[in-house]
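Structure file input.pdb (PDB, C-alpha atoms) follows.
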ATOM      1  CA  MET A   1       0.000   0.000   0.000
ATOM      2  CA  SER A   2       1.176   3.482  -0.789
ATOM      3  CA  VAL A   3       0.096   6.989   0.029
ATOM      4  CA  ASP A   4      -1.309   8.778  -3.021
ATOM      5  CA  LEU A   5       1.359  11.065  -4.465
ATOM      6  CA  ALA A   6       0.496  14.398  -6.064
ATOM      7  CA  PHE A   7       2.823  14.620  -9.031
ATOM      8  CA  ASP A   8       2.795  17.946 -10.859
ATOM      9  CA  GLY A   9       1.888  18.618 -14.493
ATOM     10  CA  GLN A  10       5.245  17.229 -15.604
ATOM     11  CA  GLY A  11       4.771  14.092 -13.514
ATOM     12  CA  LEU A  12       7.385  15.191 -11.005
ATOM     13  CA  LEU A  13       7.698  16.151  -7.359
ATOM     14  CA  PRO A  14      10.657  17.239  -5.238
ATOM     15  CA  ALA A  15      12.483  14.737  -3.055
ATOM     16  CA  VAL A  16      14.777  15.822  -0.221
ATOM     17  CA  ALA A  17      17.541  13.436   0.820
ATOM     18  CA  GLN A  18      18.489  13.489   4.502
ATOM     19  CA  ASP A  19      21.309  11.501   6.104
ATOM     20  CA  ALA A  20      19.551   8.973   8.332
ATOM     21  CA  ASP A  21      22.353   9.072  10.919
ATOM     22  CA  SER A  22      23.551  12.673  11.105
ATOM     23  CA  GLY A  23      20.290  14.329  10.083
ATOM     24  CA  ALA A  24      22.139  16.482   7.539
ATOM     25  CA  VAL A  25      20.022  17.563   4.583
ATOM     26  CA  LEU A  26      22.069  16.361   1.614
ATOM     27  CA  MET A  27      20.298  17.435  -1.564
ATOM     28  CA  LEU A  28      17.027  18.187  -3.286
ATOM     29  CA  ALA A  29      16.174  16.616  -6.621
ATOM     30  CA  TYR A  30      13.061  15.575  -8.518
ATOM     31  CA  VAL A  31      11.384  12.216  -8.909
ATOM     32  CA  ASN A  32       8.762  10.778 -11.208
ATOM     33  CA  ARG A  33       6.684   7.723 -10.349
ATOM     34  CA  GLU A  34       9.232   5.366 -11.836
ATOM     35  CA  ALA A  35      12.054   6.878  -9.762
ATOM     36  CA  VAL A  36      10.027   6.331  -6.588
ATOM     37  CA  GLU A  37       9.243   2.746  -7.548
ATOM     38  CA  ARG A  38      12.864   2.002  -8.435
ATOM     39  CA  SER A  39      14.014   3.509  -5.131
ATOM     40  CA  ARG A  40      11.629   1.242  -3.221
ATOM     41  CA  GLU A  41      12.391  -1.866  -5.256
ATOM     42  CA  THR A  42      16.177  -1.562  -5.298
ATOM     43  CA  GLY A  43      16.750   0.117  -1.934
ATOM     44  CA  PHE A  44      18.877   2.807  -3.586
ATOM     45  CA  ALA A  45      17.821   6.403  -4.263
ATOM     46  CA  HIS A  46      16.746   7.150  -7.823
ATOM     47  CA  TYR A  47      15.765  10.548  -9.189
ATOM     48  CA  TYR A  48      14.609  12.065 -12.454
ATOM     49  CA  SER A  49      16.883  14.522 -14.213
ATOM     50  CA  ARG A  50      14.903  17.397 -15.701
ATOM     51  CA  SER A  51      17.878  18.604 -17.768
ATOM     52  CA  ARG A  52      18.778  15.183 -19.166
ATOM     53  CA  ASP A  53      15.150  14.011 -19.207
ATOM     54  CA  GLU A  54      15.989  10.624 -17.738
ATOM     55  CA  LEU A  55      15.844   8.465 -14.651
ATOM     56  CA  TRP A  56      19.110   8.289 -12.768
ATOM     57  CA  LYS A  57      20.478   6.316  -9.872
ATOM     58  CA  LYS A  58      22.358   8.518  -7.410
ATOM     59  CA  GLY A  59      25.973   7.396  -7.414
ATOM     60  CA  GLY A  60      25.539   5.383 -10.597
ATOM     61  CA  SER A  61      28.731   6.848 -12.013
ATOM     62  CA  SER A  62      30.456   8.261  -8.902
ATOM     63  CA  GLY A  63      29.800   5.340  -6.572
ATOM     64  CA  HIS A  64      28.309   7.827  -4.096
ATOM     65  CA  THR A  65      25.088   5.909  -3.690
ATOM     66  CA  GLN A  66      22.308   6.509  -1.198
ATOM     67  CA  ARG A  67      20.887   3.418   0.472
ATOM     68  CA  ILE A  68      17.244   4.055   1.315
ATOM     69  CA  GLU A  69      16.382   3.687   4.995
ATOM     70  CA  ASP A  70      12.886   5.111   4.732
ATOM     71  CA  ILE A  71      10.708   7.262   2.483
ATOM     72  CA  LEU A  72       8.387   9.801   4.093
ATOM     73  CA  VAL A  73       5.619  11.761   2.373
ATOM     74  CA  ASP A  74       4.458  15.238   3.327
ATOM     75  CA  CYS A  75       0.902  16.164   4.301
ATOM     76  CA  ASP A  76      -0.098  17.191   0.780
ATOM     77  CA  GLY A  77       1.608  14.242  -0.912
ATOM     78  CA  ASP A  78       3.600  16.586  -3.122
ATOM     79  CA  ALA A  79       7.061  16.212  -1.589
ATOM     80  CA  LEU A  80       9.130  13.246  -0.424
ATOM     81  CA  LEU A  81      11.841  12.811   2.175
ATOM     82  CA  TYR A  82      14.372  10.079   1.478
ATOM     83  CA  LEU A  83      16.187   9.007   4.639
ATOM     84  CA  VAL A  84      19.456   7.567   3.376
ATOM     85  CA  ASP A  85      22.850   6.152   4.181
ATOM     86  CA  GLN A  86      25.109   8.263   1.990
ATOM     87  CA  GLU A  87      28.216   6.653   0.521
ATOM     88  CA  GLY A  88      31.017   9.229   0.025
ATOM     89  CA  GLY A  89      29.696  12.766  -0.434
ATOM     90  CA  ALA A  90      26.312  13.808  -1.744
ATOM     91  CA  CYS A  91      27.478  16.789  -3.786
ATOM     92  CA  HIS A  92      29.200  16.548  -7.154
ATOM     93  CA  THR A  93      31.469  19.405  -6.038
ATOM     94  CA  GLY A  94      33.072  17.175  -3.398
ATOM     95  CA  TYR A  95      31.180  18.439  -0.367
ATOM     96  CA  ASP A  96      29.305  16.254   2.064
ATOM     97  CA  THR A  97      26.061  18.055   1.230
ATOM     98  CA  CYS A  98      24.811  20.165  -1.655
ATOM     99  CA  PHE A  99      23.733  22.711   0.983
ATOM    100  CA  HIS A 100      27.300  23.725   1.883
ATOM    101  CA  ARG A 101      26.979  27.502   1.418
ATOM    102  CA  ARG A 102      25.278  30.194   3.399
ATOM    103  CA  ILE A 103      23.169  32.584   1.358
ATOM    104  CA  ASP A 104      25.871  35.220   1.950
ATOM    105  CA  GLY A 105      28.368  32.917   0.199
ATOM    106  CA  GLU A 106      30.254  31.596   3.220
ATOM    107  CA  ILE A 107      31.195  27.914   2.886
ATOM    108  CA  VAL A 108      30.022  25.848   5.835
ATOM    109  CA  GLY A 109      30.146  22.304   4.413
ATOM    110  CA  GLU A 110      32.986  19.845   4.556
ATOM    111  CA  ARG A 111      34.975  18.750   1.512
ATOM    112  CA  VAL A 112      34.993  14.950   1.598
ATOM    113  CA  PHE A 113      36.338  14.043  -1.842
ATOM    114  CA  ASP A 114      38.079  15.551  -4.861
ATOM    115  CA  PRO A 115      35.690  15.662  -7.826
ATOM    116  CA  GLU A 116      38.594  15.097 -10.217
ATOM    117  CA  ASP A 117      39.142  11.688  -8.653
ATOM    118  CA  VAL A 118      35.498  10.740  -9.142
ATOM    119  CA  TYR A 119      34.227  12.325 -12.335
ATOM    120  CA  GLU A 120      36.153  12.045 -15.580
TER     121      GLU A 120
ATOM    122  CA  MET B   1      26.332  39.896  -0.529
ATOM    123  CA  SER B   2      24.244  36.982  -1.704
ATOM    124  CA  VAL B   3      24.760  33.861  -3.722
ATOM    125  CA  ASP B   4      23.016  34.056  -7.105
ATOM    126  CA  LEU B   5      19.743  32.177  -6.922
ATOM    127  CA  ALA B   6      18.359  30.256  -9.901
ATOM    128  CA  PHE B   7      14.634  30.917  -9.773
ATOM    129  CA  ASP B   8      12.567  28.904 -12.252
ATOM    130  CA  GLY B   9      10.342  30.227 -15.030
ATOM    131  CA  GLN B  10       7.685  31.160 -12.476
ATOM    132  CA  GLY B  11      10.225  33.005 -10.337
ATOM    133  CA  LEU B  12      10.145  30.298  -7.676
ATOM    134  CA  LEU B  13      12.386  27.727  -6.080
ATOM    135  CA  PRO B  14      11.790  25.134  -3.351
ATOM    136  CA  ALA B  15      12.795  25.846   0.236
ATOM    137  CA  VAL B  16      13.148  23.087   2.820
ATOM    138  CA  ALA B  17      12.690  24.028   6.480
ATOM    139  CA  GLN B  18      14.751  22.062   8.995
ATOM    140  CA  ASP B  19      14.566  22.371  12.773
ATOM    141  CA  ALA B  20      17.894  23.900  13.761
ATOM    142  CA  ASP B  21      17.969  21.983  17.050
ATOM    143  CA  SER B  22      16.524  18.536  16.357
ATOM    144  CA  GLY B  23      17.498  18.320  12.682
ATOM    145  CA  ALA B  24      13.956  17.249  11.771
ATOM    146  CA  VAL B  25      12.900  18.184   8.261
ATOM    147  CA  LEU B  26       9.691  20.121   8.838
ATOM    148  CA  MET B  27       8.252  21.074   5.458
ATOM    149  CA  LEU B  28       8.931  21.978   1.845
ATOM    150  CA  ALA B  29       7.391  25.047   0.295
ATOM    151  CA  TYR B  30       8.229  27.527  -2.450
ATOM    152  CA  VAL B  31       9.779  30.956  -2.315
ATOM    153  CA  ASN B  32      10.105  33.856  -4.719
ATOM    154  CA  ARG B  33      12.759  36.551  -4.400
ATOM    155  CA  GLU B  34      10.552  38.689  -2.174
ATOM    156  CA  ALA B  35       9.936  35.779   0.213
ATOM    157  CA  VAL B  36      13.675  35.235   0.558
ATOM    158  CA  GLU B  37      14.281  38.939   1.159
ATOM    159  CA  ARG B  38      11.481  39.164   3.720
ATOM    160  CA  SER B  39      12.826  36.086   5.512
ATOM    161  CA  ARG B  40      16.271  37.683   5.771
ATOM    162  CA  GLU B  41      14.989  41.111   6.742
ATOM    163  CA  THR B  42      12.454  40.023   9.357
ATOM    164  CA  GLY B  43      14.173  36.900  10.680
ATOM    165  CA  PHE B  44      10.991  34.872  10.171
ATOM    166  CA  ALA B  45      10.360  32.343   7.402
ATOM    167  CA  HIS B  46       8.280  33.590   4.497
ATOM    168  CA  TYR B  47       7.141  31.539   1.515
ATOM    169  CA  TYR B  48       5.158  32.005  -1.651
ATOM    170  CA  SER B  49       1.841  30.196  -2.013
ATOM    171  CA  ARG B  50       1.371  28.884  -5.541
ATOM    172  CA  SER B  51      -2.319  28.125  -4.935
ATOM    173  CA  ARG B  52      -3.161  31.506  -3.375
ATOM    174  CA  ASP B  53      -0.610  33.339  -5.529
ATOM    175  CA  GLU B  54       0.703  35.382  -2.622
ATOM    176  CA  LEU B  55       3.550  35.834  -0.194
ATOM    177  CA  TRP B  56       2.875  34.358   3.237
ATOM    178  CA  LYS B  57       4.570  34.406   6.599
ATOM    179  CA  LYS B  58       4.666  30.954   8.161
ATOM    180  CA  GLY B  59       2.599  31.108  11.336
ATOM    181  CA  GLY B  60       1.014  34.407  10.379
ATOM    182  CA  SER B  61      -2.430  33.074  11.327
ATOM    183  CA  SER B  62      -1.564  30.043  13.483
ATOM    184  CA  GLY B  63       1.237  31.611  15.514
ATOM    185  CA  HIS B  64       3.438  28.673  14.517
ATOM    186  CA  THR B  65       6.227  30.850  13.242
ATOM    187  CA  GLN B  66       9.705  29.827  12.162
ATOM    188  CA  ARG B  67      12.546  32.005  13.390
ATOM    189  CA  ILE B  68      15.345  31.899  10.841
ATOM    190  CA  GLU B  69      18.678  30.706  12.217
ATOM    191  CA  ASP B  70      20.412  30.397   8.879
ATOM    192  CA  ILE B  71      19.685  30.095   5.158
ATOM    193  CA  LEU B  72      21.771  27.700   3.085
ATOM    194  CA  VAL B  73      21.836  27.434  -0.708
ATOM    195  CA  ASP B  74      22.507  24.274  -2.694
ATOM    196  CA  CYS B  75      25.277  23.832  -5.243
ATOM    197  CA  ASP B  76      23.123  24.815  -8.216
ATOM    198  CA  GLY B  77      21.465  27.734  -6.436
ATOM    199  CA  ASP B  78      18.034  26.303  -7.176
ATOM    200  CA  ALA B  79      17.016  25.130  -3.693
ATOM    201  CA  LEU B  80      17.209  26.672  -0.221
ATOM    202  CA  LEU B  81      17.468  25.227   3.263
ATOM    203  CA  TYR B  82      15.949  27.319   6.036
ATOM    204  CA  LEU B  83      17.342  26.362   9.445
ATOM    205  CA  VAL B  84      14.642  27.439  11.869
ATOM    206  CA  ASP B  85      13.382  27.503  15.410
ATOM    207  CA  GLN B  86       9.844  26.205  15.001
ATOM    208  CA  GLU B  87       7.128  27.558  17.283
ATOM    209  CA  GLY B  88       4.405  24.940  17.904
ATOM    210  CA  GLY B  89       4.116  22.424  15.065
ATOM    211  CA  ALA B  90       5.092  22.912  11.442
ATOM    212  CA  CYS B  91       2.163  21.032   9.903
ATOM    213  CA  HIS B  92      -1.356  22.424   9.593
ATOM    214  CA  THR B  93      -2.639  18.933  10.492
ATOM    215  CA  GLY B  94      -1.227  19.251  14.029
ATOM    216  CA  TYR B  95       1.915  17.199  13.561
ATOM    217  CA  ASP B  96       5.405  18.366  14.418
ATOM    218  CA  THR B  97       6.448  17.932  10.790
ATOM    219  CA  CYS B  98       4.664  17.755   7.447
ATOM    220  CA  PHE B  99       6.716  14.601   6.805
ATOM    221  CA  HIS B 100       4.872  12.516   9.394
ATOM    222  CA  ARG B 101       3.868   9.550   7.183
ATOM    223  CA  ARG B 102       5.806   6.711   5.670
ATOM    224  CA  ILE B 103       5.116   6.093   1.990
ATOM    225  CA  ASP B 104       3.215   2.950   3.043
ATOM    226  CA  GLY B 105       0.865   5.174   5.076
ATOM    227  CA  GLU B 106       2.156   4.471   8.578
ATOM    228  CA  ILE B 107       2.142   7.558  10.793
ATOM    229  CA  VAL B 108       5.528   8.241  12.358
ATOM    230  CA  GLY B 109       5.204  11.899  13.372
ATOM    231  CA  GLU B 110       4.058  13.315  16.670
ATOM    232  CA  ARG B 111       0.796  15.212  17.105
ATOM    233  CA  VAL B 112       1.708  18.418  18.931
ATOM    234  CA  PHE B 113      -1.479  20.474  18.623
ATOM    235  CA  ASP B 114      -5.149  20.197  17.703
ATOM    236  CA  PRO B 115      -5.810  22.019  14.421
ATOM    237  CA  GLU B 116      -9.305  22.950  15.610
ATOM    238  CA  ASP B 117      -7.735  25.006  18.364
ATOM    239  CA  VAL B 118      -5.543  26.881  15.908
ATOM    240  CA  TYR B 119      -7.413  27.297  12.636
ATOM    241  CA  GLU B 120     -10.960  28.629  12.552
TER     242      GLU B 120
END
Let me see the file written as structure tokens.
Amino acid sequence: MSVDLAFDGQGLLPAVAQDADSGAVLMLAYVNREAVERSRETGFAHYYSRSRDELWKKGGSSGHTQRIEDILVDCDGDALLYLVDQEGGACHTGYDTCFHRRIDGEIVGERVFDPEDVYE
Amino acid sequence: MSVDLAFDGQGLLPAVAQDADSGAVLMLAYVNREAVERSRETGFAHYYSRSRDELWKKGGSSGHTQRIEDILVDCDGDALLYLVDQEGGACHTGYDTCFHRRIDGEIVGERVFDPEDVYE
């Protein structure tokens, strides 16, 4: 059984990934129905890339996968919260989280890998 | 000084509110530039309602305000993270967080107020 999800006109809704252990908010991306189903079936976070117009598995190329611990739905059914075990760092820039900057520009995240070692 | 923000075609981007103390993810809503500016200027979380087509202050009618502790920006500048001190409960249904249900429907959040006492 599943909660009804309120996908938007493009068949998408935002999903927030949170580290299940530390509580750190890691990233926000979009999912379609297939991405949600694949995340549940495989136990690894999948998203939908709006720019590439395709389903993607987080860490598929970098190895920085997110093992799904739980998926929560908000009150309106139009946003998801993936609770995950993050392998490596969540951000393609090498930081632990995509939210590593204050709005005034100050860096507050931690660099956990060198992107040049991970992405060709 | 501010990081450049990548608002979408409607002038909006998603903002996630996280409890600065507990780390709980409380809600996801949308902001336009004015909502971000008002949040920074007043120290209280403001959002933009897509359904009502207007700026709103969280807790403006319920009293369940969110005092802004910090605002973080993601790597692409197209999502925000509000770190807040939540007054009362974040969800209009009376739960501590809007993310109080598992995707299979099980309730995991905590009821912290009776909506009938708060909303007329």
Worksheet item: Nearest to chain B among A:Glu116, A:Asp85, A:Asp19, A:Asp53, with distances taken over only C-alpha atoms: which residue is it?
Response: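 Ranking A:Glu116, A:Asp85, A:Asp19, A:Asp53 by distance to chain B, first place goes to A:Asp19.
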Hey, can I get the axis-aligned box for stretch 42-58 of chain A? All listed atoms, 4 Å padding on each side, centre and edge lengths in Å to one decimal, as AutoDock Vina command-line options.
--center_x 18.5 --center_y 8.5 --center_z -10.6 --size_x 15.7 --size_y 28.2 --size_z 25.3
Practice prompt. For chain B, report every residue with an atom at most 9 Å from chain A (counting all atoms listed in the file), formatted as number ranges by chain.
Written response: B: 1-5, 14, 16, 18, 22-25, 27-28, 70-76, 79-81, 91-93, 97-105, 108
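The gap separating atom CA of A:Gly59 from atom CA of A:Val84 is 12.6 Å, in Å to one decimal.
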Same-sequence overlay, chain B on chain A, C-alpha least squares, as a PDB file with C-alpha atoms, in the frame of the given file:
ATOM      1  CA  MET B   1       0.051  -0.013  -0.021  1.00  0.00           C
ATOM      2  CA  SER B   2       1.190   3.501  -0.787  1.00  0.00           C
ATOM      3  CA  VAL B   3       0.088   6.993   0.030  1.00  0.00           C
ATOM      4  CA  ASP B   4      -1.315   8.788  -3.025  1.00  0.00           C
ATOM      5  CA  LEU B   5       1.345  11.054  -4.461  1.00  0.00           C
ATOM      6  CA  ALA B   6       0.487  14.393  -6.071  1.00  0.00           C
ATOM      7  CA  PHE B   7       2.822  14.611  -9.042  1.00  0.00           C
ATOM      8  CA  ASP B   8       2.789  17.952 -10.860  1.00  0.00           C
ATOM      9  CA  GLY B   9       1.883  18.609 -14.489  1.00  0.00           C
ATOM     10  CA  GLN B  10       5.248  17.228 -15.593  1.00  0.00           C
ATOM     11  CA  GLY B  11       4.767  14.081 -13.520  1.00  0.00           C
ATOM     12  CA  LEU B  12       7.380  15.186 -10.998  1.00  0.00           C
ATOM     13  CA  LEU B  13       7.693  16.143  -7.369  1.00  0.00           C
ATOM     14  CA  PRO B  14      10.662  17.235  -5.243  1.00  0.00           C
ATOM     15  CA  ALA B  15      12.483  14.736  -3.048  1.00  0.00           C
ATOM     16  CA  VAL B  16      14.774  15.823  -0.222  1.00  0.00           C
ATOM     17  CA  ALA B  17      17.536  13.425   0.832  1.00  0.00           C
ATOM     18  CA  GLN B  18      18.500  13.478   4.507  1.00  0.00           C
ATOM     19  CA  ASP B  19      21.317  11.505   6.113  1.00  0.00           C
ATOM     20  CA  ALA B  20      19.558   8.984   8.335  1.00  0.00           C
ATOM     21  CA  ASP B  21      22.353   9.086  10.919  1.00  0.00           C
ATOM     22  CA  SER B  22      23.553  12.687  11.111  1.00  0.00           C
ATOM     23  CA  GLY B  23      20.285  14.354  10.092  1.00  0.00           C
ATOM     24  CA  ALA B  24      22.134  16.496   7.539  1.00  0.00           C
ATOM     25  CA  VAL B  25      20.029  17.560   4.581  1.00  0.00           C
ATOM     26  CA  LEU B  26      22.073  16.359   1.621  1.00  0.00           C
ATOM     27  CA  MET B  27      20.305  17.434  -1.561  1.00  0.00           C
ATOM     28  CA  LEU B  28      17.018  18.180  -3.284  1.00  0.00           C
ATOM     29  CA  ALA B  29      16.176  16.617  -6.607  1.00  0.00           C
ATOM     30  CA  TYR B  30      13.066  15.573  -8.511  1.00  0.00           C
ATOM     31  CA  VAL B  31      11.393  12.222  -8.897  1.00  0.00           C
ATOM     32  CA  ASN B  32       8.766  10.777 -11.200  1.00  0.00           C
ATOM     33  CA  ARG B  33       6.686   7.719 -10.345  1.00  0.00           C
ATOM     34  CA  GLU B  34       9.249   5.356 -11.842  1.00  0.00           C
ATOM     35  CA  ALA B  35      12.052   6.883  -9.755  1.00  0.00           C
ATOM     36  CA  VAL B  36      10.028   6.343  -6.592  1.00  0.00           C
ATOM     37  CA  GLU B  37       9.240   2.753  -7.564  1.00  0.00           C
ATOM     38  CA  ARG B  38      12.863   2.008  -8.442  1.00  0.00           C
ATOM     39  CA  SER B  39      14.009   3.511  -5.137  1.00  0.00           C
ATOM     40  CA  ARG B  40      11.626   1.243  -3.224  1.00  0.00           C
ATOM     41  CA  GLU B  41      12.384  -1.854  -5.266  1.00  0.00           C
ATOM     42  CA  THR B  42      16.173  -1.559  -5.315  1.00  0.00           C
ATOM     43  CA  GLY B  43      16.746   0.115  -1.949  1.00  0.00           C
ATOM     44  CA  PHE B  44      18.875   2.808  -3.595  1.00  0.00           C
ATOM     45  CA  ALA B  45      17.824   6.401  -4.267  1.00  0.00           C
ATOM     46  CA  HIS B  46      16.749   7.149  -7.817  1.00  0.00           C
ATOM     47  CA  TYR B  47      15.760  10.545  -9.189  1.00  0.00           C
ATOM     48  CA  TYR B  48      14.609  12.062 -12.436  1.00  0.00           C
ATOM     49  CA  SER B  49      16.882  14.530 -14.209  1.00  0.00           C
ATOM     50  CA  ARG B  50      14.897  17.395 -15.705  1.00  0.00           C
ATOM     51  CA  SER B  51      17.881  18.600 -17.754  1.00  0.00           C
ATOM     52  CA  ARG B  52      18.799  15.171 -19.159  1.00  0.00           C
ATOM     53  CA  ASP B  53      15.169  14.021 -19.214  1.00  0.00           C
ATOM     54  CA  GLU B  54      15.993  10.627 -17.749  1.00  0.00           C
ATOM     55  CA  LEU B  55      15.841   8.470 -14.661  1.00  0.00           C
ATOM     56  CA  TRP B  56      19.122   8.298 -12.761  1.00  0.00           C
ATOM     57  CA  LYS B  57      20.486   6.316  -9.864  1.00  0.00           C
ATOM     58  CA  LYS B  58      22.350   8.528  -7.416  1.00  0.00           C
ATOM     59  CA  GLY B  59      25.968   7.394  -7.418  1.00  0.00           C
ATOM     60  CA  GLY B  60      25.538   5.369 -10.584  1.00  0.00           C
ATOM     61  CA  SER B  61      28.745   6.852 -12.017  1.00  0.00           C
ATOM     62  CA  SER B  62      30.454   8.254  -8.903  1.00  0.00           C
ATOM     63  CA  GLY B  63      29.789   5.336  -6.564  1.00  0.00           C
ATOM     64  CA  HIS B  64      28.311   7.817  -4.088  1.00  0.00           C
ATOM     65  CA  THR B  65      25.094   5.910  -3.690  1.00  0.00           C
ATOM     66  CA  GLN B  66      22.301   6.500  -1.207  1.00  0.00           C
ATOM     67  CA  ARG B  67      20.884   3.422   0.478  1.00  0.00           C
ATOM     68  CA  ILE B  68      17.244   4.060   1.306  1.00  0.00           C
ATOM     69  CA  GLU B  69      16.382   3.690   4.987  1.00  0.00           C
ATOM     70  CA  ASP B  70      12.894   5.108   4.735  1.00  0.00           C
ATOM     71  CA  ILE B  71      10.703   7.255   2.486  1.00  0.00           C
ATOM     72  CA  LEU B  72       8.388   9.796   4.090  1.00  0.00           C
ATOM     73  CA  VAL B  73       5.628  11.766   2.369  1.00  0.00           C
ATOM     74  CA  ASP B  74       4.458  15.241   3.334  1.00  0.00           C
ATOM     75  CA  CYS B  75       0.912  16.174   4.296  1.00  0.00           C
ATOM     76  CA  ASP B  76      -0.105  17.196   0.780  1.00  0.00           C
ATOM     77  CA  GLY B  77       1.602  14.246  -0.899  1.00  0.00           C
ATOM     78  CA  ASP B  78       3.586  16.592  -3.119  1.00  0.00           C
ATOM     79  CA  ALA B  79       7.057  16.214  -1.584  1.00  0.00           C
ATOM     80  CA  LEU B  80       9.127  13.241  -0.425  1.00  0.00           C
ATOM     81  CA  LEU B  81      11.840  12.806   2.172  1.00  0.00           C
ATOM     82  CA  TYR B  82      14.373  10.073   1.473  1.00  0.00           C
ATOM     83  CA  LEU B  83      16.193   8.998   4.638  1.00  0.00           C
ATOM     84  CA  VAL B  84      19.458   7.564   3.370  1.00  0.00           C
ATOM     85  CA  ASP B  85      22.846   6.154   4.183  1.00  0.00           C
ATOM     86  CA  GLN B  86      25.112   8.257   1.989  1.00  0.00           C
ATOM     87  CA  GLU B  87      28.221   6.655   0.511  1.00  0.00           C
ATOM     88  CA  GLY B  88      31.017   9.227   0.039  1.00  0.00           C
ATOM     89  CA  GLY B  89      29.692  12.764  -0.424  1.00  0.00           C
ATOM     90  CA  ALA B  90      26.301  13.803  -1.742  1.00  0.00           C
ATOM     91  CA  CYS B  91      27.480  16.790  -3.784  1.00  0.00           C
ATOM     92  CA  HIS B  92      29.196  16.537  -7.162  1.00  0.00           C
ATOM     93  CA  THR B  93      31.469  19.402  -6.036  1.00  0.00           C
ATOM     94  CA  GLY B  94      33.082  17.172  -3.385  1.00  0.00           C
ATOM     95  CA  TYR B  95      31.186  18.435  -0.366  1.00  0.00           C
ATOM     96  CA  ASP B  96      29.309  16.248   2.077  1.00  0.00           C
ATOM     97  CA  THR B  97      26.081  18.065   1.233  1.00  0.00           C
ATOM     98  CA  CYS B  98      24.817  20.169  -1.659  1.00  0.00           C
ATOM     99  CA  PHE B  99      23.743  22.704   0.985  1.00  0.00           C
ATOM    100  CA  HIS B 100      27.296  23.709   1.891  1.00  0.00           C
ATOM    101  CA  ARG B 101      26.992  27.502   1.426  1.00  0.00           C
ATOM    102  CA  ARG B 102      25.283  30.196   3.407  1.00  0.00           C
ATOM    103  CA  ILE B 103      23.170  32.587   1.352  1.00  0.00           C
ATOM    104  CA  ASP B 104      25.873  35.222   1.940  1.00  0.00           C
ATOM    105  CA  GLY B 105      28.368  32.907   0.203  1.00  0.00           C
ATOM    106  CA  GLU B 106      30.263  31.595   3.221  1.00  0.00           C
ATOM    107  CA  ILE B 107      31.196  27.927   2.885  1.00  0.00           C
ATOM    108  CA  VAL B 108      30.014  25.850   5.830  1.00  0.00           C
ATOM    109  CA  GLY B 109      30.137  22.320   4.404  1.00  0.00           C
ATOM    110  CA  GLU B 110      32.968  19.838   4.554  1.00  0.00           C
ATOM    111  CA  ARG B 111      34.951  18.750   1.502  1.00  0.00           C
ATOM    112  CA  VAL B 112      34.977  14.950   1.596  1.00  0.00           C
ATOM    113  CA  PHE B 113      36.332  14.053  -1.844  1.00  0.00           C
ATOM    114  CA  ASP B 114      38.077  15.547  -4.864  1.00  0.00           C
ATOM    115  CA  PRO B 115      35.684  15.656  -7.829  1.00  0.00           C
ATOM    116  CA  GLU B 116      38.588  15.099 -10.227  1.00  0.00           C
ATOM    117  CA  ASP B 117      39.132  11.706  -8.656  1.00  0.00           C
ATOM    118  CA  VAL B 118      35.501  10.741  -9.144  1.00  0.00           C
ATOM    119  CA  TYR B 119      34.211  12.323 -12.338  1.00  0.00           C
ATOM    120  CA  GLU B 120      36.124  12.024 -15.595  1.00  0.00           C
TER     121      GLU B 120
END
Worksheet item: Is there a way to get, as a PyMOL selection string, all residues within 10 Å of the point (17.0, 1.0, -4.0) in file coordinates, counting all atoms listed in the file?
Response: chain A and resi 35-46+57-58+65-69
Fill in: Atomic distance atom CA of A:Tyr47 - atom CA of A:Glu87, expressed in Å with one decimal
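The value is 16.3 Å.
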Discussion item. Residues near B:Ser62, anyone? I mean within 10 Å using all atoms listed in the file, not counting same-chain ones fewer than 5 positions away, as a list in words.
Written reply: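 The neighbour list is Glu87, Gly88, Gly89, Ala90, His92, Pro115, Asp117, Val118, Tyr119 and Glu120 of chain B.
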Practice prompt. Have a look at atom CA of B:Ser51 and atom CA of B:Gly109 and let me know their distance in Å, one decimal.
Written response: 25.6 Å
Worksheet entry | Non-local contacts of A:Asn32 (8 Å; all atoms listed in the file; under 4 positions in same chain excluded) as a PyMOL selection string | chain A and resi 7+11-13+36+47-48
